[in-house]
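K.L.:
One structure coming up, written as structure tokens, with questions to follow.
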Amino acid sequence: MNKKKILIVEDEESLLKLESILLISKGFEVKGVPNGKAALESVAEEQPDLILLDIMLPEIDGFEVCRRIKSDPATRHIPVIMLTAKKSREDMVRGEKVGADWYITKPFKSAMVIETIQRFLAK
């Protein structure tokens with residue numbers, strides 16, 4: 001069986017490790033990158049099956065990363081799940097506007113993240 005590839009974009013190293021371990025334990029192939037620029041390069045090269053995207057990132061923020069992914073015909077089909085501490089209604093609406101498929105706020109429950117990922121990958 002082919003493992004589903006998930007790209008985690010998270011600048012907080014401890015959180016990136018935690019999310020990676022969680023997803024690897026559930027049988028996913030995981031790549032983690034610490035910023036928006038690396039995320040866009042990785043998406044172009046590897047076409048992950050799903051992207052977990054933080055918003056507050058160095059260089060290019062998650063909103064812009066998502067907008068670029070969703071405006072490119074080659075990558076717009078990839079589900080993008082925003083995983084962020086930004087909880088305001090405005091942020092959620094902005095996430096929707098740039099094309100995010102789902103929005104999860106930190107702190108999050110691991111089971112909910114896994115459930116959401118599996119739901120999108122089952123489509």
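Labels for the structure tokens follow display order: chains A, B, ..., residues from 1 in each chain, ligands from 1.
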What's around Thr84 (chain A) at 9 Å? Count only C-alpha atoms, leave out sequence neighbours fewer than 2 positions away in its own chain, and write the answer as a list in words.

P.N.:
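Neighbouring residues, sequence-local ones excluded: Leu53, Asp54, Ile55, Met56, Met82, Lys86, Lys87, Tyr103, Ile104, Thr105, Lys106 and Pro107 of chain A.
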
K.L.:
Enumerate, as a VMD selection string, the complete set of residues in region 92-121 of chain A that a backbone-based DSSP assignment places in strand (DSSP E).

P.N.:
chain A and resid 102 to 105

K.L.:
Between A:Val65, A:Leu57, A:Leu7, A:Ala100, which is the closest to Val80 (chain A) once you count only C-alpha atoms?

P.N.:
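Checking each of A:Val65, A:Leu57, A:Leu7, A:Ala100 against Val80 (chain A), counting only C-alpha atoms, the winner is A:Ala100.
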
K.L.:
Report as a PyMOL selection string: the residues of region 22-60 of chain A with a DSSP assignment of alpha helix (DSSP H), based on the backbone of this structure.

P.N.:
chain A and resi 22-25+36-46

K.L.:
Could those residues be written to a file, using N, CA and C atoms, as an mmCIF file, in the first residue's frame?

P.N.:
data_model
loop_
_atom_site.group_PDB
_atom_site.id
_atom_site.type_symbol
_atom_site.label_atom_id
_atom_site.label_comp_id
_atom_site.auth_asym_id
_atom_site.auth_seq_id
_atom_site.Cartn_x
_atom_site.Cartn_y
_atom_site.Cartn_z
ATOM 1 N N LEU A 22 3.207 11.879 15.597
ATOM 2 C CA LEU A 22 1.801 11.495 15.589
ATOM 3 C C LEU A 22 1.395 10.912 14.235
ATOM 4 N N LEU A 23 1.751 11.609 13.164
ATOM 5 C CA LEU A 23 1.339 11.170 11.823
ATOM 6 C C LEU A 23 2.094 9.932 11.351
ATOM 7 N N ILE A 24 3.377 9.854 11.679
ATOM 8 C CA ILE A 24 4.164 8.669 11.316
ATOM 9 C C ILE A 24 3.578 7.443 12.030
ATOM 10 N N SER A 25 3.188 7.622 13.298
ATOM 11 C CA SER A 25 2.614 6.506 14.062
ATOM 12 C C SER A 25 1.290 6.024 13.458
ATOM 13 N N GLY A 36 7.418 29.224 5.000
ATOM 14 C CA GLY A 36 6.591 29.259 3.810
ATOM 15 C C GLY A 36 7.346 29.019 2.514
ATOM 16 N N LYS A 37 8.558 29.560 2.436
ATOM 17 C CA LYS A 37 9.364 29.397 1.221
ATOM 18 C C LYS A 37 9.680 27.917 0.990
ATOM 19 N N ALA A 38 10.123 27.246 2.056
ATOM 20 C CA ALA A 38 10.437 25.814 1.966
ATOM 21 C C ALA A 38 9.173 25.013 1.647
ATOM 22 N N ALA A 39 8.034 25.460 2.166
ATOM 23 C CA ALA A 39 6.769 24.769 1.898
ATOM 24 C C ALA A 39 6.440 24.815 0.415
ATOM 25 N N LEU A 40 6.547 25.993 -0.190
ATOM 26 C CA LEU A 40 6.224 26.125 -1.607
ATOM 27 C C LEU A 40 7.176 25.300 -2.473
ATOM 28 N N GLU A 41 8.460 25.278 -2.109
ATOM 29 C CA GLU A 41 9.439 24.472 -2.853
ATOM 30 C C GLU A 41 9.097 22.989 -2.736
ATOM 31 N N SER A 42 8.763 22.561 -1.531
ATOM 32 C CA SER A 42 8.454 21.158 -1.282
ATOM 33 C C SER A 42 7.183 20.724 -2.022
ATOM 34 N N VAL A 43 6.177 21.590 -2.027
ATOM 35 C CA VAL A 43 4.924 21.276 -2.726
ATOM 36 C C VAL A 43 5.186 21.116 -4.219
ATOM 37 N N ALA A 44 5.995 22.008 -4.781
ATOM 38 C CA ALA A 44 6.304 21.958 -6.208
ATOM 39 C C ALA A 44 7.063 20.673 -6.563
ATOM 40 N N GLU A 45 8.005 20.285 -5.700
ATOM 41 C CA GLU A 45 8.841 19.112 -5.973
ATOM 42 C C GLU A 45 8.118 17.798 -5.706
ATOM 43 N N GLU A 46 7.406 17.727 -4.608
ATOM 44 C CA GLU A 46 6.931 16.426 -4.135
ATOM 45 C C GLU A 46 5.433 16.195 -4.202
#

K.L.:
Between A:Asp101, A:Lys31, A:Ala74, A:Gln47, single out the one closest to Glu19 (chain A), counting only C-alpha atoms.

P.N.:
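Ranked by minimum distance to Glu19 (chain A), first place goes to A:Lys31.
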
K.L.:
Compile the contact shell of Glu10 (chain A) as a PyMOL selection string: residues with an atom at most 8 Å away, counting only C-alpha atoms, same-chain residues fewer than 2 positions apart removed.

P.N.:
chain A and resi 8+12-13+15-16+32-35+53-54+57

K.L.:
What is the CA of Ile81 (chain A) to CA of Trp102 (chain A) distance in Å?

P.N.:
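These atoms are spaced 4.7 Å apart.
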
K.L.:
In Å to one decimal, how far is CA of Gly27 (chain A) from CA of Glu96 (chain A)?

P.N.:
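Taking CA of Glu96 (chain A) and CA of Gly27 (chain A), their separation equals 28.6 Å.
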
K.L.:
Quick one: residues within 8 Å of Pro48 (chain A), only C-alpha atoms, excluding same-chain residues fewer than 6 positions away - as a ChimeraX atom specification?

P.N.:
/A:4-7,78

K.L.:
Can you pull out the residues contacting Pro79 (chain A)? Cut-off 9 Å, using only C-alpha atoms, and skip same-chain residues under 6 positions away; I want them as an mmCIF file with N, CA, C and O atoms, in the first residue's frame.

P.N.:
data_model
loop_
_atom_site.group_PDB
_atom_site.id
_atom_site.type_symbol
_atom_site.label_atom_id
_atom_site.label_comp_id
_atom_site.auth_asym_id
_atom_site.auth_seq_id
_atom_site.Cartn_x
_atom_site.Cartn_y
_atom_site.Cartn_z
ATOM 1 N N ASP A 49 0.107 14.612 -0.527
ATOM 2 C CA ASP A 49 -1.309 14.291 -0.612
ATOM 3 C C ASP A 49 -2.149 15.256 0.221
ATOM 4 O O ASP A 49 -3.348 15.418 -0.017
ATOM 5 N N LEU A 50 -1.499 15.890 1.217
ATOM 6 C CA LEU A 50 -2.194 16.820 2.095
ATOM 7 C C LEU A 50 -1.162 17.719 2.769
ATOM 8 O O LEU A 50 -0.023 17.300 2.974
ATOM 9 N N ILE A 51 -1.584 18.936 3.121
ATOM 10 C CA ILE A 51 -0.677 19.886 3.770
ATOM 11 C C ILE A 51 -1.295 20.370 5.076
ATOM 12 O O ILE A 51 -2.443 20.804 5.099
ATOM 13 N N LEU A 52 -0.517 20.255 6.159
ATOM 14 C CA LEU A 52 -0.892 20.864 7.441
ATOM 15 C C LEU A 52 -0.097 22.157 7.518
ATOM 16 O O LEU A 52 1.133 22.123 7.524
ATOM 17 N N ALA A 100 -8.157 27.579 1.970
ATOM 18 C CA ALA A 100 -7.935 26.490 2.928
ATOM 19 C C ALA A 100 -9.150 25.567 2.946
ATOM 20 O O ALA A 100 -10.284 26.021 2.890
ATOM 21 N N ASP A 101 -8.890 24.272 3.002
ATOM 22 C CA ASP A 101 -9.974 23.295 3.009
ATOM 23 C C ASP A 101 -10.564 23.113 4.403
ATOM 24 O O ASP A 101 -11.713 22.730 4.556
ATOM 25 N N TRP A 102 -9.753 23.371 5.424
ATOM 26 C CA TRP A 102 -10.200 23.191 6.801
ATOM 27 C C TRP A 102 -9.353 24.062 7.700
ATOM 28 O O TRP A 102 -8.250 24.457 7.327
ATOM 29 N N ILE A 117 -7.636 14.637 8.787
ATOM 30 C CA ILE A 117 -6.719 14.218 7.718
ATOM 31 C C ILE A 117 -7.308 12.999 6.988
ATOM 32 O O ILE A 117 -7.355 12.963 5.766
ATOM 33 N N PHE A 120 -10.161 13.867 4.648
ATOM 34 C CA PHE A 120 -9.757 14.485 3.386
ATOM 35 C C PHE A 120 -9.048 13.510 2.453
ATOM 36 O O PHE A 120 -9.210 13.559 1.244
ATOM 37 N N LEU A 121 -8.279 12.595 3.027
ATOM 38 C CA LEU A 121 -7.552 11.634 2.192
ATOM 39 C C LEU A 121 -8.459 10.529 1.659
ATOM 40 O O LEU A 121 -8.109 9.847 0.710
#
